[in-house]
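Notes follow once the structure below has been shown.
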Number of protein chains: 2
Amino acid sequence: MMNSTQTVYRASEFGGRAGVTVRTLHHYDRLGLLKPSGRTESGYRLYCERDFARLEQIVTLKFIGFPLKQIKDLLDGKAFDLPTTLRLQRRIIEEKRRHLDLAIQAIKNAEGVLASRATRRKPDWEVFRKIIEVINMQQNWDWVNKYYTEEQLAQLKKRWSPELQEKTQRDWATLIQEVEAAVAAGVDSASEHAQALAGRWQKLIESFTGGDSGIAQNLKKVYADQRNWPSTFKKPYSDEARAFIGKATEQRRKL
Amino acid sequence: MMNSTQTVYRASEFGGRAGVTVRTLHHYDRLGLLKPSGRTESGYRLYCERDFARLEQIVTLKFIGFPLKQIKDLLDGKAFDLPTTLRLQRRIIEEKRRHLDLAIQAIKNAEGVLASRATRRKPDWEVFRKIIEVINMQQNWDWVNKYYTEEQLAQLKKRWSPELQEKTQRDWATLIQEVEAAVAAGVDSASEHAQALAGRWQKLIESFTGGDSGIAQNLKKVYADQRNWPSTFKKPYSDEARAFIGKATEQRRKL
DNA sequence: CTTGACCCTGACGTAACGTAAGACTTTACG
DNA sequence: CGTAAAGTCTTACGTTACGTCAGGGTCAAG
């Protein structure tokens, strides 16, 4: 099998040339992915230049994320549609990167919480809870993006600063608490208090849409598409609260 | 343990609320990461709201890439320096993302090769070899970037178009072949042929530096720093060829 | 009382090697 | 030439975060 005029390599030197360990070569050998083209009498693996070409291909394909099985198929010519295969692989990796981007953003947000004066001197567990909450918030709303067009997202990004976001979030939280309390207390939706709450509710929505009717439209679409919401998504207010505000807003408009 | 006034959940409903499977809950149970706070007589796991808070935290931390062991430590308060932990985790993820970016770019390059007219009608294996080569090229030169400043890289990116890159690459390949041949033939470095080769060599280098002395400087630094080159990097020409060109350039300058 | 629909506990499978363990071979040195 | 260091071999378990049966109870409805 071996041409006596060719230089041959033993495992570690051979692997070193491609940056892989001897163990890796053993692994590829057993998988049938790369069999050494020779052995010494005592059983040492011997690799030649052609083996090296193959190893290089393996390393390359591994780099772009193919699993070893598929690499074997590719190298053995069992997979034909190279363009499709590459496109598919790219999709997979791009999806992974998107996830990493979200994770990085999440950590940055968490670091922002840690850095803020508000959390200084607070007990650890409380800060921790806050961090989890912040990350979940991002998580919980990320899927909403798919309802918007590129331009709308760009628009939003400009206006929707982290600071504004945080303030709005606090505003929503307090407002929702008050609304839930009013519902629980059986406040009449026509009452002055209810009208005030509905007014604040509208204001907050407007501060998000920024007067953009397209974005406002989308907000309604998102709400209407409840059956496609992720199962882990939790509405921040009860159905009763929503109904209460709906009624109050209705009556407010009539006046 | 369980408060009788609290609502309790069985495995699948509980898991569903957080988007995890029953098997996952079993797993977390065995790891001691999340033990159900109760069991029925028959052994069914029963989870309460407090369990859910913990599950949420687990899912969140998992999202930002922490391994389960570390999550356990974090939730059990065994890890203190939260800022450092987060920064470290971010570094790790950012590094992963960089890898993915490189892989995506590599695939795009490969797709470019496939799309080019030049590879139409060529046998599959040849196209394949070309693709591997292109990706390796990127791989082999990526590490060089760390020698350049941000601005220099930006500069390079502007001038160094893919087309120019490909042409230059071909030019280098032919030139190097000729030089190696000259060395093998024992051509005198003072000869006209050698001088011509050295001239073309200089031209190619200039086409890369674009007259920017900073970039030219860096090129020398890179070359001088050989001991820090990655082990898998292969010089495109022999030491002899390099010496030959060096001598020829020297003599050329003297004239 | 019989279905489904759930739940339980093992226990093996996955991907790509890392890391010994125990036993040769080869190579370098004195 | 003997010995010790360095390299290699096979075998086999460890890693990560669950997925996927297999075999067998449990629970609510009809």
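Just so we're on the same page: first chain in the structure tokens is A, next is B, and so on; residues restart at 1 for each chain, and ligands are numbered from 1 in the order they show up.
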
- Could you please select, counting only C-alpha atoms (C1' of nucleotides), the residues of chain D within 9 Å of chain B and state them as a VMD selection string? chain D and resid 16 to 19 25 to 26

- Task: as a VMD selection string, list the residues of region 15-255 of chain B assigned to helix (DSSP H, G or I) by DSSP on the backbone atoms of this structure.
- Result: chain B and resid 15 to 18 22 to 31 49 to 63 68 to 75 82 to 115 117 to 119 124 to 147 150 to 159 162 to 184 192 to 209 213 to 224 226 to 228 239 to 254

- Message: Give me, as a PyMOL selection string, all polymer residues having an atom no more than 8 Å from region 210-223 of chain A, counting only C-alpha atoms (C1' of nucleotides) and skipping those fewer than 6 positions away in the same chain.
- Response: chain A and resi 144+147-148+152

- Which residues, written as a count of residues only, have at least one atom at most 12 Å from DA23 (chain C), with only C-alpha atoms (C1' of nucleotides) counted and residues fewer than 6 positions away on the same chain left out? 4

- Task: Considering only C-alpha atoms (C1' of nucleotides), extract the chain C residues located within 9 Å of chain B and return them as a ChimeraX atom specification.
- Result: /C:6-8

Output of the above residues as an mmCIF file, in the first residue's frame, restricted to N, CA and C atoms (P, O5', C5', C4', C3', O3' and C1' of nucleotides):
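File written: selection-v9.cif
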data_model
loop_
_atom_site.group_PDB
_atom_site.id
_atom_site.type_symbol
_atom_site.label_atom_id
_atom_site.label_comp_id
_atom_site.auth_asym_id
_atom_site.auth_seq_id
_atom_site.Cartn_x
_atom_site.Cartn_y
_atom_site.Cartn_z
ATOM 1 P P DC C 6 -52.429 13.470 28.980
ATOM 2 O "O5'" DC C 6 -51.528 13.319 30.276
ATOM 3 C "C5'" DC C 6 -51.287 12.019 30.789
ATOM 4 C "C4'" DC C 6 -50.985 12.098 32.267
ATOM 5 C "C3'" DC C 6 -49.516 12.420 32.534
ATOM 6 O "O3'" DC C 6 -49.359 13.141 33.748
ATOM 7 C "C1'" DC C 6 -49.992 10.194 33.221
ATOM 8 P P DC C 7 -47.874 13.650 34.067
ATOM 9 O "O5'" DC C 7 -47.298 12.460 34.948
ATOM 10 C "C5'" DC C 7 -47.865 12.175 36.207
ATOM 11 C "C4'" DC C 7 -47.141 11.020 36.876
ATOM 12 C "C3'" DC C 7 -45.621 11.100 36.727
ATOM 13 O "O3'" DC C 7 -44.969 11.336 37.974
ATOM 14 C "C1'" DC C 7 -46.441 8.910 36.218
ATOM 15 P P DC C 8 -43.395 11.457 37.934
ATOM 16 O "O5'" DC C 8 -42.967 9.948 38.241
ATOM 17 C "C5'" DC C 8 -43.473 9.315 39.385
ATOM 18 C "C4'" DC C 8 -42.880 7.926 39.545
ATOM 19 C "C3'" DC C 8 -41.382 7.885 39.301
ATOM 20 O "O3'" DC C 8 -40.645 7.846 40.505
ATOM 21 C "C1'" DC C 8 -42.507 6.152 38.073
#

Any chance you could dump chain B, least-squares fitted to chain A on all C-alpha atoms in order, as a compact mmCIF listing (two decimals) with C-alpha atoms, in the first residue's frame?
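The resulting file, selection30.txt, is reproduced below:
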# COMPACT_ATOMS: atom_id res chain seq x y z
CA MET B 1 -0.36 -0.17 0.01
CA MET B 2 2.41 2.27 0.88
CA ASN B 3 4.74 3.63 -1.71
CA SER B 4 8.26 3.19 -0.43
CA THR B 5 9.39 6.51 -1.87
CA GLN B 6 6.91 8.49 0.19
CA THR B 7 7.63 9.93 3.58
CA VAL B 8 5.54 8.42 6.32
CA TYR B 9 4.67 9.84 9.70
CA ARG B 10 3.89 8.37 13.05
CA ALA B 11 0.87 9.46 14.97
CA SER B 12 2.03 12.41 17.00
CA GLU B 13 3.99 14.13 14.26
CA PHE B 14 1.22 13.54 11.77
CA GLY B 15 -1.42 14.88 14.10
CA GLY B 16 0.73 17.81 15.11
CA ARG B 17 0.89 19.01 11.52
CA ALA B 18 -2.86 19.49 11.55
CA GLY B 19 -3.21 20.48 15.16
CA VAL B 20 -4.96 17.37 16.39
CA THR B 21 -3.96 14.94 19.13
CA VAL B 22 -3.01 11.32 18.85
CA ARG B 23 -6.19 10.37 20.65
CA THR B 24 -8.15 12.14 17.96
CA LEU B 25 -6.43 10.05 15.33
CA HIS B 26 -7.33 6.91 17.25
CA HIS B 27 -10.88 8.13 17.35
CA TYR B 28 -11.05 8.81 13.63
CA ASP B 29 -9.47 5.45 13.00
CA ARG B 30 -12.12 3.60 14.94
CA LEU B 31 -14.89 5.59 13.28
CA GLY B 32 -13.45 4.67 9.92
CA LEU B 33 -13.13 8.34 9.17
CA LEU B 34 -9.39 8.23 8.66
CA LYS B 35 -7.57 4.92 8.63
CA PRO B 36 -3.77 5.11 8.55
CA SER B 37 -2.59 3.79 5.22
CA GLY B 38 -0.02 1.62 6.93
CA ARG B 39 1.15 -0.02 10.14
CA THR B 40 4.55 -1.13 11.35
CA GLU B 41 5.06 -4.75 12.34
CA SER B 42 4.61 -3.78 15.95
CA GLY B 43 1.32 -2.08 15.20
CA TYR B 44 2.31 1.57 15.04
CA ARG B 45 0.08 3.65 12.80
CA LEU B 46 1.80 5.08 9.73
CA TYR B 47 0.33 7.99 7.81
CA CYS B 48 1.29 9.35 4.40
CA GLU B 49 0.67 12.56 2.51
CA ARG B 50 -2.62 11.41 1.07
CA ASP B 51 -3.79 10.70 4.60
CA PHE B 52 -2.84 14.22 5.47
CA ALA B 53 -4.96 15.69 2.73
CA ARG B 54 -7.90 13.80 4.15
CA LEU B 55 -7.13 14.90 7.68
CA GLU B 56 -7.01 18.49 6.50
CA GLN B 57 -10.42 18.11 4.94
CA ILE B 58 -11.79 16.62 8.11
CA VAL B 59 -10.44 19.46 10.21
CA THR B 60 -11.83 22.01 7.81
CA LEU B 61 -15.29 20.53 7.73
CA LYS B 62 -15.22 20.22 11.48
CA PHE B 63 -14.41 23.89 11.69
CA ILE B 64 -17.55 24.86 9.86
CA GLY B 65 -19.52 22.78 12.29
CA PHE B 66 -20.26 19.50 10.57
CA PRO B 67 -20.56 16.44 12.80
CA LEU B 68 -18.10 13.64 12.15
CA LYS B 69 -20.73 11.32 10.70
CA GLN B 70 -21.69 13.83 8.08
CA ILE B 71 -18.05 14.54 7.34
CA LYS B 72 -17.58 10.87 6.65
CA ASP B 73 -20.50 10.88 4.25
CA LEU B 74 -19.25 14.00 2.54
CA LEU B 75 -15.73 12.67 2.12
CA ASP B 76 -16.98 9.31 0.93
CA GLY B 77 -19.04 11.06 -1.70
CA LYS B 78 -22.31 9.91 -0.23
CA ALA B 79 -23.76 13.41 -0.07
CA PHE B 80 -24.32 15.09 -3.35
CA ASP B 81 -26.06 18.39 -3.09
CA LEU B 82 -23.19 20.46 -1.80
CA PRO B 83 -24.89 23.87 -2.23
CA THR B 84 -27.89 22.77 -0.21
CA THR B 85 -25.73 21.15 2.42
CA LEU B 86 -23.72 24.29 2.85
CA ARG B 87 -26.75 26.55 2.99
CA LEU B 88 -28.34 24.32 5.58
CA GLN B 89 -25.22 24.29 7.68
CA ARG B 90 -24.98 28.04 7.49
CA ARG B 91 -28.56 28.38 8.68
CA ILE B 92 -27.80 26.18 11.65
CA ILE B 93 -24.75 28.14 12.65
CA GLU B 94 -26.45 31.46 12.12
CA GLU B 95 -29.21 30.35 14.43
CA LYS B 96 -26.68 29.41 17.06
CA ARG B 97 -25.06 32.77 16.70
CA ARG B 98 -28.36 34.52 17.19
CA HIS B 99 -28.77 32.65 20.44
CA LEU B 100 -25.31 33.69 21.56
CA ASP B 101 -26.06 37.29 20.65
CA LEU B 102 -29.15 37.21 22.82
CA ALA B 103 -27.19 35.67 25.67
CA ILE B 104 -24.47 38.28 25.39
CA GLN B 105 -27.05 41.04 25.43
CA ALA B 106 -28.69 39.45 28.44
CA ILE B 107 -25.43 39.36 30.35
CA LYS B 108 -24.73 42.96 29.42
CA ASN B 109 -28.11 43.93 30.79
CA ALA B 110 -27.38 42.04 33.96
CA GLU B 111 -24.04 43.76 34.27
CA GLY B 112 -25.85 47.03 33.87
CA VAL B 113 -28.02 46.19 36.83
CA LEU B 114 -24.97 45.34 38.88
CA ALA B 115 -23.27 48.58 37.96
CA SER B 116 -26.22 50.81 38.73
CA ARG B 117 -26.09 52.71 41.99
CA ALA B 118 -29.55 51.47 42.80
CA THR B 119 -28.28 47.99 43.52
CA ARG B 120 -25.26 48.99 45.56
CA ARG B 121 -25.56 48.07 49.18
CA LYS B 122 -28.49 45.80 48.52
CA PRO B 123 -28.38 42.20 49.67
CA ASP B 124 -26.94 39.74 47.20
CA TRP B 125 -30.02 37.63 46.79
CA GLU B 126 -32.11 40.64 45.92
CA VAL B 127 -29.69 41.78 43.26
CA PHE B 128 -29.67 38.26 41.96
CA ARG B 129 -33.42 38.12 41.73
CA LYS B 130 -33.39 41.42 39.89
CA ILE B 131 -30.88 40.12 37.39
CA ILE B 132 -32.92 37.04 36.69
CA GLU B 133 -35.93 39.22 36.23
CA VAL B 134 -34.17 41.52 33.80
CA ILE B 135 -32.92 38.65 31.71
CA ASN B 136 -36.29 36.98 31.71
CA MET B 137 -37.89 40.20 30.61
CA GLN B 138 -35.67 40.26 27.57
CA GLN B 139 -36.36 36.59 26.97
CA ASN B 140 -40.05 37.04 27.37
CA TRP B 141 -40.27 39.81 24.84
CA ASP B 142 -37.71 38.80 22.33
CA TRP B 143 -40.16 36.71 20.32
CA VAL B 144 -42.33 39.78 19.79
CA ASN B 145 -39.69 41.14 17.43
CA LYS B 146 -40.72 38.75 14.72
CA TYR B 147 -43.95 40.67 14.30
CA TYR B 148 -42.11 43.81 13.27
CA THR B 149 -40.39 44.79 10.08
CA GLU B 150 -36.74 45.75 9.97
CA GLU B 151 -37.56 49.44 9.74
CA GLN B 152 -39.98 49.36 12.61
CA LEU B 153 -37.38 47.70 14.79
CA ALA B 154 -34.84 50.30 13.78
CA GLN B 155 -37.35 53.04 14.65
CA LEU B 156 -38.06 51.46 18.00
CA LYS B 157 -34.41 51.04 18.79
CA LYS B 158 -33.85 54.76 18.37
CA ARG B 159 -36.62 55.93 20.63
CA TRP B 160 -36.78 53.06 23.07
CA SER B 161 -33.75 53.74 25.26
CA PRO B 162 -32.91 51.50 28.21
CA GLU B 163 -33.74 54.29 30.65
CA LEU B 164 -37.12 54.96 29.11
CA GLN B 165 -37.69 51.23 29.00
CA GLU B 166 -37.00 50.85 32.68
CA LYS B 167 -39.20 53.75 33.66
CA THR B 168 -42.02 52.50 31.47
CA GLN B 169 -41.66 49.08 32.97
CA ARG B 170 -42.07 50.47 36.46
CA ASP B 171 -45.04 52.53 35.36
CA TRP B 172 -46.69 49.46 33.90
CA ALA B 173 -46.05 47.45 37.01
CA THR B 174 -47.70 49.98 39.32
CA LEU B 175 -50.55 50.64 36.94
CA ILE B 176 -51.29 46.96 36.51
CA GLN B 177 -51.28 46.47 40.25
CA GLU B 178 -53.79 49.27 40.65
CA VAL B 179 -55.98 47.87 37.92
CA GLU B 180 -55.96 44.40 39.40
CA ALA B 181 -56.86 45.92 42.74
CA ALA B 182 -59.73 47.83 41.17
CA VAL B 183 -61.01 44.69 39.49
CA ALA B 184 -60.81 42.77 42.72
CA ALA B 185 -62.66 45.57 44.50
CA GLY B 186 -65.41 45.44 41.89
CA VAL B 187 -64.92 49.02 40.74
CA ASP B 188 -67.36 50.10 38.01
CA SER B 189 -65.66 50.56 34.67
CA ALA B 190 -67.63 53.76 34.17
CA SER B 191 -66.40 55.27 37.43
CA GLU B 192 -63.99 58.13 37.53
CA HIS B 193 -61.27 55.92 38.98
CA ALA B 194 -61.64 53.43 36.17
CA GLN B 195 -61.54 56.20 33.62
CA ALA B 196 -58.35 57.55 35.12
CA LEU B 197 -56.77 54.13 34.98
CA ALA B 198 -57.80 53.66 31.37
CA GLY B 199 -56.32 57.05 30.59
CA ARG B 200 -52.97 56.14 32.05
CA TRP B 201 -53.11 52.83 30.19
CA GLN B 202 -53.58 54.59 26.87
CA LYS B 203 -50.77 56.99 27.66
CA LEU B 204 -48.36 54.17 28.30
CA ILE B 205 -49.28 52.44 25.08
CA GLU B 206 -48.79 55.69 23.20
CA SER B 207 -45.40 56.18 24.78
CA PHE B 208 -44.46 52.87 23.22
CA THR B 209 -45.97 53.33 19.78
CA GLY B 210 -44.70 56.89 19.68
CA GLY B 211 -47.69 57.81 17.55
CA ASP B 212 -46.57 55.41 14.84
CA SER B 213 -49.78 53.82 13.63
CA GLY B 214 -47.88 50.93 12.07
CA ILE B 215 -46.44 49.98 15.41
CA ALA B 216 -49.81 50.41 17.06
CA GLN B 217 -51.29 48.09 14.44
CA ASN B 218 -48.65 45.50 15.13
CA LEU B 219 -49.33 45.65 18.80
CA LYS B 220 -52.90 44.63 18.07
CA LYS B 221 -51.75 41.90 15.74
CA VAL B 222 -49.46 40.52 18.41
CA TYR B 223 -52.29 40.50 20.88
CA ALA B 224 -54.66 38.84 18.45
CA ASP B 225 -52.18 36.10 17.69
CA GLN B 226 -52.30 34.67 21.18
CA ARG B 227 -52.38 31.06 20.07
CA ASN B 228 -48.91 31.51 18.65
CA TRP B 229 -47.41 33.00 21.75
CA PRO B 230 -44.64 30.92 23.25
CA SER B 231 -45.89 28.63 25.95
CA THR B 232 -43.55 30.13 28.49
CA PHE B 233 -44.85 33.63 27.96
CA LYS B 234 -46.82 34.96 30.88
CA LYS B 235 -49.26 37.78 30.39
CA PRO B 236 -48.42 40.54 32.84
CA TYR B 237 -52.08 41.10 33.69
CA SER B 238 -55.13 38.93 34.14
CA ASP B 239 -57.83 38.52 31.51
CA GLU B 240 -60.18 40.30 33.86
CA ALA B 241 -57.92 43.32 34.10
CA ARG B 242 -57.68 43.43 30.35
CA ALA B 243 -61.46 43.25 30.00
CA PHE B 244 -61.90 45.94 32.62
CA ILE B 245 -59.57 48.32 30.81
CA GLY B 246 -61.19 47.49 27.51
CA LYS B 247 -64.62 48.38 28.78
CA ALA B 248 -63.42 51.52 30.49
CA THR B 249 -61.62 52.68 27.35
CA GLU B 250 -64.71 52.01 25.34
CA GLN B 251 -66.87 54.15 27.57
CA ARG B 252 -64.20 56.79 27.70
CA ARG B 253 -64.23 57.07 23.95
CA LYS B 254 -67.99 57.50 23.91
CA LEU B 255 -67.87 60.53 26.14
